Every structure is written in structure tokens, then in C-alpha cells.
$ cat work-v7.cif   # mmCIF, C-alpha atoms
data_query
#
loop_
_atom_site.label_atom_id
_atom_site.label_comp_id
_atom_site.auth_asym_id
_atom_site.auth_seq_id
_atom_site.Cartn_x
_atom_site.Cartn_y
_atom_site.Cartn_z
CA GLY A 1 40.89 34.71 84.78
CA GLU A 2 44.01 35.15 82.70
CA ASN A 3 45.87 32.29 84.33
CA GLY A 4 42.91 30.53 85.90
CA SER A 5 42.11 26.89 85.31
CA LEU A 6 39.06 24.66 85.46
CA GLU A 7 39.40 20.91 85.83
CA ALA A 8 36.55 18.41 85.69
CA LYS A 9 37.25 14.83 86.71
CA ASN A 10 35.47 11.89 88.29
CA GLY A 11 31.86 12.85 87.70
CA GLU A 12 29.28 14.99 85.93
CA PHE A 13 29.42 18.77 86.35
CA ALA A 14 27.81 21.97 85.13
CA ASP A 15 29.50 25.35 84.78
CA TRP A 16 27.07 27.37 82.72
CA THR A 17 29.24 30.33 81.72
CA ILE A 18 32.94 29.78 81.03
CA ALA A 19 35.00 32.75 79.85
CA ASN A 20 38.24 30.84 79.39
CA ASN A 21 41.37 32.93 79.17
CA GLY A 22 43.38 30.30 81.02
CA ASN A 23 42.89 26.51 80.88
CA VAL A 24 39.94 24.13 80.87
CA HIS A 25 40.53 20.39 81.16
CA VAL A 26 37.75 17.78 81.11
CA HIS A 27 39.25 14.43 82.05
CA SER A 28 38.30 11.12 80.44
CA ASN A 29 36.12 10.14 83.41
CA ALA A 30 34.16 13.40 83.46
CA ILE A 31 31.17 15.09 81.79
CA LEU A 32 30.94 18.88 81.70
CA HIS A 33 27.79 20.81 80.78
CA THR A 34 27.96 24.48 79.83
CA ASN A 35 25.82 27.11 78.14
CA SER A 36 28.76 29.25 77.04
CA LEU A 37 32.41 28.48 76.34
CA THR A 38 34.33 31.49 75.02
CA GLY A 39 37.70 33.17 75.46
CA ASN A 40 41.20 32.85 74.04
CA GLY A 41 42.52 30.26 76.47
CA ALA A 42 43.23 26.56 75.95
CA ALA A 43 40.56 23.90 76.44
CA VAL A 44 41.07 20.12 76.34
CA ASN A 45 38.25 17.59 76.50
CA GLU A 46 39.08 13.91 77.02
CA GLY A 47 35.63 13.02 78.35
CA LYS A 48 32.34 14.58 77.28
CA LEU A 49 31.66 18.28 76.79
CA SER A 50 28.02 19.18 76.22
CA LEU A 51 26.91 22.65 75.09
CA ASP A 52 23.36 22.91 76.46
CA GLU A 53 20.45 25.33 76.56
CA LYS A 54 20.00 27.12 79.89
CA ASP A 55 16.87 29.00 80.96
CA GLY A 56 15.65 29.13 77.35
CA LYS A 57 18.94 30.51 76.08
CA GLY A 58 20.76 28.63 73.31
CA PRO A 59 24.43 27.74 73.91
CA THR A 60 27.49 29.62 72.61
CA PHE A 61 30.80 28.02 71.60
CA ASP A 62 33.52 30.33 70.26
CA VAL A 63 37.08 29.09 69.87
CA ALA A 64 39.37 32.13 69.89
CA GLY A 65 42.23 30.30 71.59
CA SER A 66 42.55 26.53 71.24
CA PHE A 67 40.17 23.64 71.73
CA THR A 68 41.12 19.95 71.51
CA ASN A 69 38.64 17.10 71.66
CA LYS A 70 41.43 14.74 72.66
CA GLY A 71 41.56 11.01 72.06
CA GLU A 72 39.24 8.73 70.13
CA ASN A 73 36.85 8.36 73.09
CA SER A 74 36.27 12.09 73.56
CA ILE A 75 32.79 13.43 72.83
CA LEU A 76 31.87 17.00 71.93
CA ASP A 77 28.15 17.74 71.64
CA ALA A 78 27.77 21.19 70.08
CA SER A 79 24.66 20.22 68.10
CA LYS A 80 22.51 22.81 69.94
CA VAL A 81 24.91 25.68 69.18
CA GLU A 82 23.46 27.74 66.32
CA LYS A 83 26.94 28.41 64.90
CA VAL A 84 30.27 27.34 66.34
CA THR A 85 32.83 30.03 65.46
CA VAL A 86 36.52 29.12 65.22
CA SER A 87 38.96 32.01 64.98
CA GLY A 88 41.70 30.11 66.82
CA THR A 89 42.66 26.42 66.63
CA HIS A 90 40.09 23.65 66.82
CA VAL A 91 41.07 19.96 66.86
CA ASN A 92 38.80 16.91 66.98
CA GLU A 93 40.25 13.45 67.53
CA GLY A 94 37.04 11.85 68.82
CA GLN A 95 33.33 12.35 68.13
CA ALA A 96 32.05 15.86 67.45
CA ASP A 97 28.49 16.92 66.62
CA TYR A 98 27.62 20.39 65.39
CA LYS A 99 24.80 22.37 63.89
CA ASP A 100 26.69 24.98 61.83
CA MET A 101 30.40 25.78 62.01
CA LEU A 102 32.27 28.83 60.75
CA VAL A 103 36.03 28.61 60.53
CA ALA A 104 36.82 32.31 60.35
CA GLU A 105 39.74 33.84 58.47
CA GLY A 106 42.89 33.05 60.46
CA GLY A 107 41.18 30.13 62.18
CA SER A 108 41.89 26.44 61.66
CA SER A 109 39.89 23.27 62.26
CA THR A 110 41.33 19.76 61.92
CA ASN A 111 39.44 16.51 62.27
CA SER A 112 41.00 13.06 62.65
CA GLY A 113 37.98 11.52 64.33
CA THR A 114 34.33 11.72 63.28
CA GLU A 115 32.56 15.04 62.89
CA GLN A 116 29.13 15.82 61.55
CA GLY A 117 26.93 18.85 61.20
CA ASN A 118 24.68 20.94 59.01
CA ILE A 119 26.65 23.76 57.30
CA LEU A 120 30.44 24.12 57.34
CA THR A 121 31.78 27.46 56.13
CA VAL A 122 35.54 27.72 55.70
CA GLU A 123 37.05 31.20 55.56
CA GLY A 124 40.26 30.00 57.23
CA SER A 125 41.40 26.37 56.93
CA HIS A 126 39.72 23.02 57.50
CA ALA A 127 41.54 19.69 57.19
CA ASN A 128 40.02 16.23 57.55
CA THR A 129 41.89 12.92 57.89
CA GLY A 130 39.00 11.10 59.57
CA THR A 131 35.29 11.05 58.73
CA SER A 132 33.57 14.36 58.03
CA ILE A 133 29.83 14.53 57.29
CA TRP A 134 28.08 17.82 56.46
CA ASN A 135 24.83 18.79 54.81
CA GLY A 136 26.62 21.70 53.15
CA VAL A 137 30.23 22.81 52.69
CA THR A 138 31.26 26.24 51.44
CA VAL A 139 34.94 27.07 51.02
CA ALA A 140 34.97 30.87 50.89
CA GLU A 141 37.24 33.02 48.71
CA ASN A 142 40.31 32.97 50.97
CA GLY A 143 39.47 29.63 52.57
CA LYS A 144 41.27 26.32 52.17
CA GLY A 145 39.64 22.93 52.61
CA GLU A 146 41.52 19.65 52.58
CA ASN A 147 40.25 16.08 52.81
CA ALA A 148 42.62 13.14 53.20
CA GLY A 149 39.97 10.94 54.82
CA LYS A 150 36.28 10.51 54.02
CA LEU A 151 34.16 13.58 53.32
CA ASP A 152 30.42 13.24 52.76
CA VAL A 153 28.65 16.40 51.52
CA GLY A 154 24.88 16.91 51.32
CA SER A 155 22.92 19.61 49.54
CA VAL A 156 25.61 22.29 49.05
CA PHE A 157 29.25 22.05 47.92
CA ASP A 158 30.64 25.41 46.79
CA VAL A 159 34.36 25.92 46.25
CA ILE A 160 35.10 29.62 45.94
CA GLY A 161 38.55 29.34 47.53
CA GLU A 162 40.67 26.18 47.35
CA PHE A 163 39.73 22.57 48.07
CA VAL A 164 42.01 19.53 47.79
CA ASN A 165 40.87 15.91 48.00
CA LYS A 166 44.36 14.96 49.06
CA GLY A 167 46.14 11.68 48.42
CA ALA A 168 45.13 8.41 46.79
CA GLU A 169 43.14 7.27 49.86
CA ALA A 170 40.94 10.39 50.04
CA VAL A 171 37.23 9.81 49.36
CA LEU A 172 34.80 12.63 48.53
CA ASP A 173 31.10 11.81 48.19
CA ALA A 174 29.15 14.74 46.75
CA THR A 175 26.50 12.63 45.01
CA LYS A 176 23.76 14.21 47.16
CA THR A 177 24.80 17.70 46.00
CA ALA A 178 22.70 18.61 42.95
CA VAL A 179 25.46 20.86 41.56
CA THR A 180 29.00 21.18 42.90
CA ASN A 181 29.98 24.78 42.11
CA VAL A 182 33.65 25.53 41.51
CA ALA A 183 34.57 29.21 41.26
CA GLY A 184 38.00 28.73 42.85
CA ILE A 185 40.31 25.69 42.62
CA LEU A 186 39.24 22.10 43.22
CA ARG A 187 41.92 19.40 43.08
CA ASN A 188 41.10 15.71 43.31
CA GLU A 189 43.95 13.29 43.96
CA GLY A 190 41.80 10.47 45.35
CA THR A 191 38.23 9.33 44.61
CA ALA A 192 35.51 11.91 44.03
CA ASN A 193 31.89 11.14 43.14
CA TYR A 194 29.45 13.88 42.13
CA ASP A 195 25.99 14.45 40.76
CA ASP A 196 26.65 17.52 38.56
CA MET A 197 29.60 19.90 38.55
CA THR A 198 29.72 23.42 37.12
CA ILE A 199 33.08 25.15 36.88
CA ALA A 200 32.37 28.89 36.77
CA ASP A 201 34.29 31.73 35.11
CA GLY A 202 37.75 31.87 36.70
CA GLY A 203 37.32 28.45 38.32
CA LYS A 204 39.54 25.44 37.82
CA SER A 205 38.96 21.74 38.49
CA GLU A 206 41.98 19.42 38.35
CA ASN A 207 41.58 15.64 38.55
CA SER A 208 44.60 13.37 38.97
CA GLY A 209 42.65 10.61 40.71
CA PHE A 210 39.23 9.11 39.93
CA GLU A 211 36.18 11.31 39.40
CA LYS A 212 32.69 10.36 38.29
CA GLY A 213 29.43 12.25 37.86
CA ASP A 214 26.41 13.09 35.75
CA ILE A 215 26.83 16.48 34.04
CA LEU A 216 30.13 18.35 33.86
CA THR A 217 29.80 21.94 32.62
CA VAL A 218 32.99 23.89 31.98
CA ALA A 219 31.59 27.42 31.72
CA THR A 220 33.04 30.37 29.80
CA GLY A 221 36.36 31.38 31.37
CA ALA A 222 36.67 28.12 33.33
CA GLU A 223 39.16 25.25 33.09
CA HIS A 224 39.06 21.49 33.62
CA SER A 225 42.08 19.22 33.44
CA ASN A 226 42.19 15.44 33.83
CA SER A 227 45.38 13.47 34.37
CA GLY A 228 43.61 10.50 35.99
CA THR A 229 40.28 8.79 35.25
CA SER A 230 37.20 10.92 34.56
CA ILE A 231 33.72 9.49 33.87
CA TRP A 232 30.70 11.69 33.07
CA ASN A 233 27.37 11.22 31.34
CA ASN A 234 27.47 14.70 29.86
CA VAL A 235 30.48 16.95 29.19
CA THR A 236 29.90 20.48 27.89
CA VAL A 237 32.85 22.80 27.23
CA GLN A 238 31.32 26.23 26.69
CA ASP A 239 32.64 28.94 24.40
CA GLY A 240 35.71 30.48 26.05
CA ALA A 241 36.29 27.47 28.32
CA THR A 242 39.30 25.11 28.31
CA SER A 243 39.32 21.36 28.91
CA THR A 244 42.37 19.08 28.72
CA VAL A 245 42.85 15.32 28.99
CA GLU A 246 46.53 14.80 29.75
CA ASP A 247 48.86 12.10 28.44
CA GLY A 248 48.11 8.78 30.16
CA ALA A 249 44.68 9.92 31.37
CA LYS A 250 41.34 8.28 30.54
CA GLU A 251 37.96 9.89 30.08
CA THR A 252 34.60 8.26 29.40
CA ILE A 253 31.55 10.25 28.25
CA ASN A 254 28.28 8.33 28.13
CA ASP A 255 25.49 10.57 26.85
CA ALA A 256 26.32 14.08 25.55
CA TYR A 257 29.60 15.65 24.42
CA VAL A 258 29.51 19.31 23.37
CA VAL A 259 32.68 21.23 22.49
CA ALA A 260 32.06 24.96 22.06
CA GLY A 261 35.35 26.05 23.65
CA ASP A 262 38.86 24.56 23.53
CA ARG A 263 39.17 20.84 24.14
CA THR A 264 42.50 18.97 23.96
CA ASN A 265 42.95 15.23 24.35
CA LYS A 266 46.44 13.83 24.86
CA GLY A 267 45.20 10.65 26.52
CA GLU A 268 42.23 8.36 25.82
CA VAL A 269 38.64 9.49 25.33
CA ASP A 270 35.77 7.01 24.97
CA ALA A 271 32.70 8.82 23.63
CA THR A 272 31.16 5.77 21.94
CA GLY A 273 28.11 6.12 24.20
CA VAL A 274 27.41 9.62 22.85
CA GLU A 275 25.06 9.50 19.87
CA ASN A 276 26.53 12.65 18.30
CA THR A 277 29.56 14.60 19.49
CA GLN A 278 28.98 18.26 18.60
CA VAL A 279 31.91 20.55 17.79
CA THR A 280 31.39 24.29 17.40
CA GLY A 281 34.68 25.21 19.08
CA THR A 282 38.11 23.57 18.75
CA LEU A 283 38.62 19.86 19.36
CA ASP A 284 42.28 18.86 19.30
CA ASN A 285 42.89 15.11 19.51
CA GLN A 286 46.53 14.20 19.98
CA GLY A 287 45.82 10.89 21.71
CA THR A 288 43.12 8.26 21.12
CA SER A 289 39.44 9.15 20.69
CA ASN A 290 36.58 6.79 19.95
CA TYR A 291 33.15 8.10 18.96
CA ASP A 292 29.75 7.07 17.67
CA ASP A 293 28.94 10.05 15.39
CA MET A 294 30.58 13.47 15.27
CA THR A 295 29.34 16.68 13.67
CA VAL A 296 31.72 19.59 13.12
CA GLU A 297 29.32 22.51 12.89
CA ALA A 298 29.78 26.05 11.53
CA GLY A 299 32.73 27.74 13.22
CA GLY A 300 33.94 24.43 14.63
CA LYS A 301 37.29 22.76 14.02
CA SER A 302 38.34 19.20 14.67
CA ASP A 303 42.08 18.59 14.50
CA ASN A 304 43.29 15.00 14.75
CA SER A 305 47.00 14.26 14.99
CA GLY A 306 46.48 11.05 16.95
CA TYR A 307 44.00 8.20 16.43
CA GLU A 308 40.26 8.66 16.05
CA LYS A 309 37.54 6.21 15.11
CA GLY A 310 33.77 6.42 14.79
CA ASP A 311 30.62 5.79 12.79
CA ILE A 312 29.59 8.97 10.92
CA LEU A 313 31.72 12.09 10.66
CA THR A 314 29.82 15.10 9.28
CA ILE A 315 31.53 18.39 8.44
CA ASP A 316 28.91 21.12 8.05
CA LYS A 317 29.31 24.35 6.11
CA GLY A 318 31.74 26.58 7.98
CA GLY A 319 33.23 23.59 9.79
CA GLU A 320 36.73 22.16 9.37
CA HIS A 321 38.34 18.79 9.94
CA ASP A 322 42.14 18.56 9.81
CA ASN A 323 43.79 15.15 9.98
CA SER A 324 47.51 14.46 10.27
CA GLY A 325 47.06 11.22 12.17
CA THR A 326 44.82 8.17 11.68
CA SER A 327 41.13 8.81 11.09
CA ILE A 328 38.77 5.84 10.64
CA TRP A 329 35.01 6.31 10.04
CA ASN A 330 32.26 4.19 8.55
CA ASN A 331 30.93 7.30 6.78
CA VAL A 332 32.45 10.71 6.13
CA VAL A 333 29.97 13.34 4.98
CA VAL A 334 31.39 16.65 3.76
CA ALA A 335 28.28 18.83 3.92
CA GLY A 336 29.79 22.15 2.89
CA GLY A 337 32.80 22.14 5.22
CA ASP A 338 36.51 21.57 4.59
CA VAL A 339 38.67 18.51 5.11
CA ASN A 340 42.46 18.87 5.11
CA ASN A 341 44.31 15.57 5.22
CA THR A 342 48.03 14.99 5.55
CA GLY A 343 47.56 11.74 7.47
CA ASP A 344 45.51 8.62 6.77
CA ILE A 345 41.73 8.65 6.39
CA GLU A 346 39.88 5.38 6.02
CA THR A 347 36.13 5.20 5.38
CA GLU A 348 33.60 2.84 3.87
CA LYS A 349 31.78 5.74 2.24
CA LEU A 350 32.81 9.31 1.46
CA THR A 351 29.98 11.70 0.56
CA ILE A 352 30.83 15.20 -0.69
CA ASP A 353 27.66 17.29 -0.91
CA ASP A 354 29.56 20.54 -1.01
CA GLY A 355 32.87 21.78 0.35
CA LEU A 356 36.49 20.82 -0.17
CA VAL A 357 38.51 17.69 0.51
CA ASN A 358 42.23 18.41 0.34
CA ILE A 359 44.16 15.16 0.44
CA GLY A 360 47.58 16.84 0.33
CA GLU A 361 50.39 14.45 1.23
CA GLY A 362 48.07 12.09 3.06
CA SER A 363 46.15 9.00 2.00
CA LEU A 364 42.40 8.62 1.60
CA ASN A 365 41.02 5.11 1.41
CA ALA A 366 37.29 5.21 0.61
CA GLY A 367 35.32 2.08 -0.30
CA GLU A 368 32.73 4.25 -2.05
CA THR A 369 32.62 7.93 -3.00
CA ASP A 370 29.53 10.01 -3.78
CA LEU A 371 29.94 13.48 -5.31
CA ASN A 372 26.70 15.47 -5.16
#
$ encode --input "work-v7.cif" --output "C-alpha cells"
Amino acid sequence: GENGSLEAKNGEFADWTIANNGNVHVHSNAILHTNSLTGNGAAVNEGKLSLDEKDGKGPTFDVAGSFTNKGENSILDASKVEKVTVSGTHVNEGQADYKDMLVAEGGSSTNSGTEQGNILTVEGSHANTGTSIWNGVTVAENGKGENAGKLDVGSVFDVIGEFVNKGAEAVLDATKTAVTNVAGILRNEGTANYDDMTIADGGKSENSGFEKGDILTVATGAEHSNSGTSIWNNVTVQDGATSTVEDGAKETINDAYVVAGDRTNKGEVDATGVENTQVTGTLDNQGTSNYDDMTVEAGGKSDNSGYEKGDILTIDKGGEHDNSGTSIWNNVVVAGGDVNNTGDIETEKLTIDDGLVNIGEGSLNAGETDLN
């Protein structure tokens, strides 16, 4: 009833259908079995609450009011419930096991204990300060996910709304997710490890902590900013995408570095592990960048006002390299492109096959020059 109450203490009980519009309290010395717990009342479990099958019927657990799994010794077993739906307030301080969970719009789920399940869908809000383990996490368009504890994600991690890995102590492990998809906003303030990440059109990924992964793709219309430490094997900034390394930040790229969009470095970039950095968009280095080789291809522009160093710099026809800082290369090959220098260029060998080298007010120190 509206003001009714159910209390379970000192033993093991079964109440198979609970329409709770009042109060349910499972004490720490009790176990309660049920096939259905619904209603907009308040439920508190300090013992064990088990959602069980009954007469071949799977259990139902809908939180329209409030549910608290209270205290670190509390146990919630909702692993047989096809989908737990939270449209009210759901709190776990103990151990909670689920199959799937939907936090509906207007609903909130907070975990300070240990929770685990298959698929978590967040249309409302979900916040974790404990340990949260899911095979898949989807933060829907108006949803907000927050992790200040340890979050372990399996096969799916899609951020369409907003997700924050909050605070320096937060740990996100998405290494089992083949591709983390960001179409909304993902902010990492702690430690985040990925396999691949694709930031889609309109999406934004901001790292102020430590992030590491295999392939980072910043797609057309997407944005990536790093003000912390960012380590990837492959970074591709597509045409129409924006990527920024902020002042004081560090980024390491180990295998492939492709700039077709807008890329700005105000910090430190180590791309010495990349055989050939390819620039068809705009690469603006205001900080420190170290390379193996770099090719500025047709339509591409490399603008250095900071410090850059590498092995072979090639400027193809239709490409442009502007230097107002310090540019040090073992070989500079002008293969039909343009070089505009108002800073200092130092190279062991300058080869001009075609194109223009405008020294302007800068200095060019070449050990050897070939004009073809």
C-alpha cells in the first residue's frame, strides 16, 4: 500500500511480488527472495536481496522510487533480471550483480561499492566511485556518466552524451573495447587506457590526465585536445577535424601520424617512432616536435614557430613549409613545394628539385646544397 512497509530480519524469506509504494527494509541479518520488486516507494537492503525466477517467469526489478544497497556487506543479486530499469534513485554501497541495466532519463544510479553486469545504458546519470565492471557501456544523447573510481569496460564503449573520468585517481580500462566511439563529450582527468578510439563528427575528446591506446582517429567535424599525457601508436586527424596539444602537454606517437585536418602543438610531440609523418592539412607547431621523416604533400602546410627536428623533410609540389622558429633536419628536399623561412633552418643537405626557397630575414645553414 501507499504507506505500507515490509521488514525482513533474522532469517531467510520469500515475498514473490512486491509492489512497493511504501517502504521495504531488509536488515543485515536477513535474506529476501522476490520475483518482482516495483513501485515508487523506498527500499533499503542491508542484507541480501535476490531477484529470482518463479514458476518459469523471469524476475522484474524497476526502481521508480529509491533503492539503496546499504553498507559494504550488502548484496544485491539482480543477475537474472533481463533489464533493471532505474527511473528513480538507485544507490549501491555493497556488492551488486546485474545482467543489463537502463538508467532512464531522469533516473540516477550511483555506485560506491562493486557492481558488475553485461550492458549499462545511461539515459539519465550514472556515477561510480567504487569498482564498476560492464561488458558494454553506452552513454546516450542526454545521459551523463562519471567515473571517479575504477571502471572496466568490455566490448562496447559508446559516448553519445557526456562521460567524465573524474579526478586524478580515476581509472578507466577500455582496452577490451575494439573501438571507443565518441559522438558526444569524453573528458579524462585520470588514467584512461584504450584499444582504438574514434571521435565522430560533432564529438569531442579532452584529455587532461593520462591516456594511451592504439589508433586515435579524429574524424571530420570532430575535436581532440590534450593538456596532459597522450600516447598512441597511430594518430589520424581527418580533413575538417581539429586536434590540439596544449602548452605543457606531452604526446607520443609510435607508428603512424597523418594530418589531413588542423593540428596544433603548443606542448611536446614525440613522433620519432613514425617512419613518415604525412601532412595534407595544416600542421602548426608552436612548441617542440621531434620526427623521423616528414612529407608535406599537395595542399598541406607545415608551420613551425617553435622547435622541430627530424631526419628528412620533403615538401612536395603544392605543399608549403613556413618556419619562423628553429628547424633542424638531416635532409631537406624541396620537391616542387615552397619553403618560407624567417627563422633558422639547419640541415646537412638541402636538395631543391623544383619549387621555391624564400630565406627572407631568416638564416639557412646547409652543409651541402643540390640544385636540380
$ resolve_selection --input "work-v7.cif" --expression "the PyMOL selection byres ((chain A and resi 199) around 6)" --output "list in words"
Val182, Thr198, Ala200, Gly203, Val218, Ala219 and Ala222 of chain A
$ closest_residue --input "work-v7.cif" --among "A:Gly362, A:Gly273, A:Gly306, A:Gly209" --to "Tyr291 (chain A)" --atoms "only C-alpha atoms"
A:Gly273
$ residues_around --input "work-v7.cif" --residues "region 100-104 of chain A" --least-positions-apart "5" --cutoff "8 Å" --atoms "all atoms listed in the file" --output "mmCIF file with C-alpha atoms, keeping the file's coordinate frame"
data_model
loop_
_atom_site.group_PDB
_atom_site.id
_atom_site.type_symbol
_atom_site.label_atom_id
_atom_site.label_comp_id
_atom_site.auth_asym_id
_atom_site.auth_seq_id
_atom_site.Cartn_x
_atom_site.Cartn_y
_atom_site.Cartn_z
ATOM 1 C CA VAL A 81 24.910 25.680 69.180
ATOM 2 C CA GLU A 82 23.460 27.740 66.320
ATOM 3 C CA LYS A 83 26.940 28.410 64.900
ATOM 4 C CA VAL A 84 30.270 27.340 66.340
ATOM 5 C CA THR A 85 32.830 30.030 65.460
ATOM 6 C CA VAL A 86 36.520 29.120 65.220
ATOM 7 C CA SER A 87 38.960 32.010 64.980
ATOM 8 C CA SER A 109 39.890 23.270 62.260
ATOM 9 C CA GLY A 117 26.930 18.850 61.200
ATOM 10 C CA ASN A 118 24.680 20.940 59.010
ATOM 11 C CA ILE A 119 26.650 23.760 57.300
ATOM 12 C CA LEU A 120 30.440 24.120 57.340
ATOM 13 C CA THR A 121 31.780 27.460 56.130
ATOM 14 C CA VAL A 122 35.540 27.720 55.700
ATOM 15 C CA GLU A 123 37.050 31.200 55.560
ATOM 16 C CA GLY A 124 40.260 30.000 57.230
ATOM 17 C CA SER A 125 41.400 26.370 56.930
ATOM 18 C CA HIS A 126 39.720 23.020 57.500
#
$ atom_distance --input "work-v7.cif" --atom1 "CA of Val279 (chain A)" --atom2 "CA of Ala192 (chain A)"
27.9 Å
$ residues_around --input "work-v7.cif" --residues "Ser132 (chain A)" --least-positions-apart "3" --cutoff "10 Å" --atoms "only C-alpha atoms" --output "list in words"
Ala96, Asn111, Ser112, Gly113, Thr114, Glu115, Gln116, Gly117, Ala127, Asn128, Thr129, Asn147, Gly149, Lys150, Leu151, Asp152, Val153 and Leu172 of chain A
$ resolve_selection --input "work-v7.cif" --expression "the PyMOL selection byres ((chain A and resi 368) around 10)" --output "JSON, numbers by chain"
{"A": [331, 347, 348, 349, 350, 351, 365, 366, 367, 369, 370]}
$ resolve_selection --input "work-v7.cif" --expression "the PyMOL selection byres ((chain A and resi 333) around 12)" --output "ChimeraX atom specification"
/A:293-296,311-317,319-321,329-332,334-339,347-357,366,368-372
$ residues_around --input "work-v7.cif" --residues "region 185-187 of chain A" --least-positions-apart "3" --cutoff "6 Å" --atoms "all atoms listed in the file" --output "NGL selection string"
:A and (162-164 or 203-207)
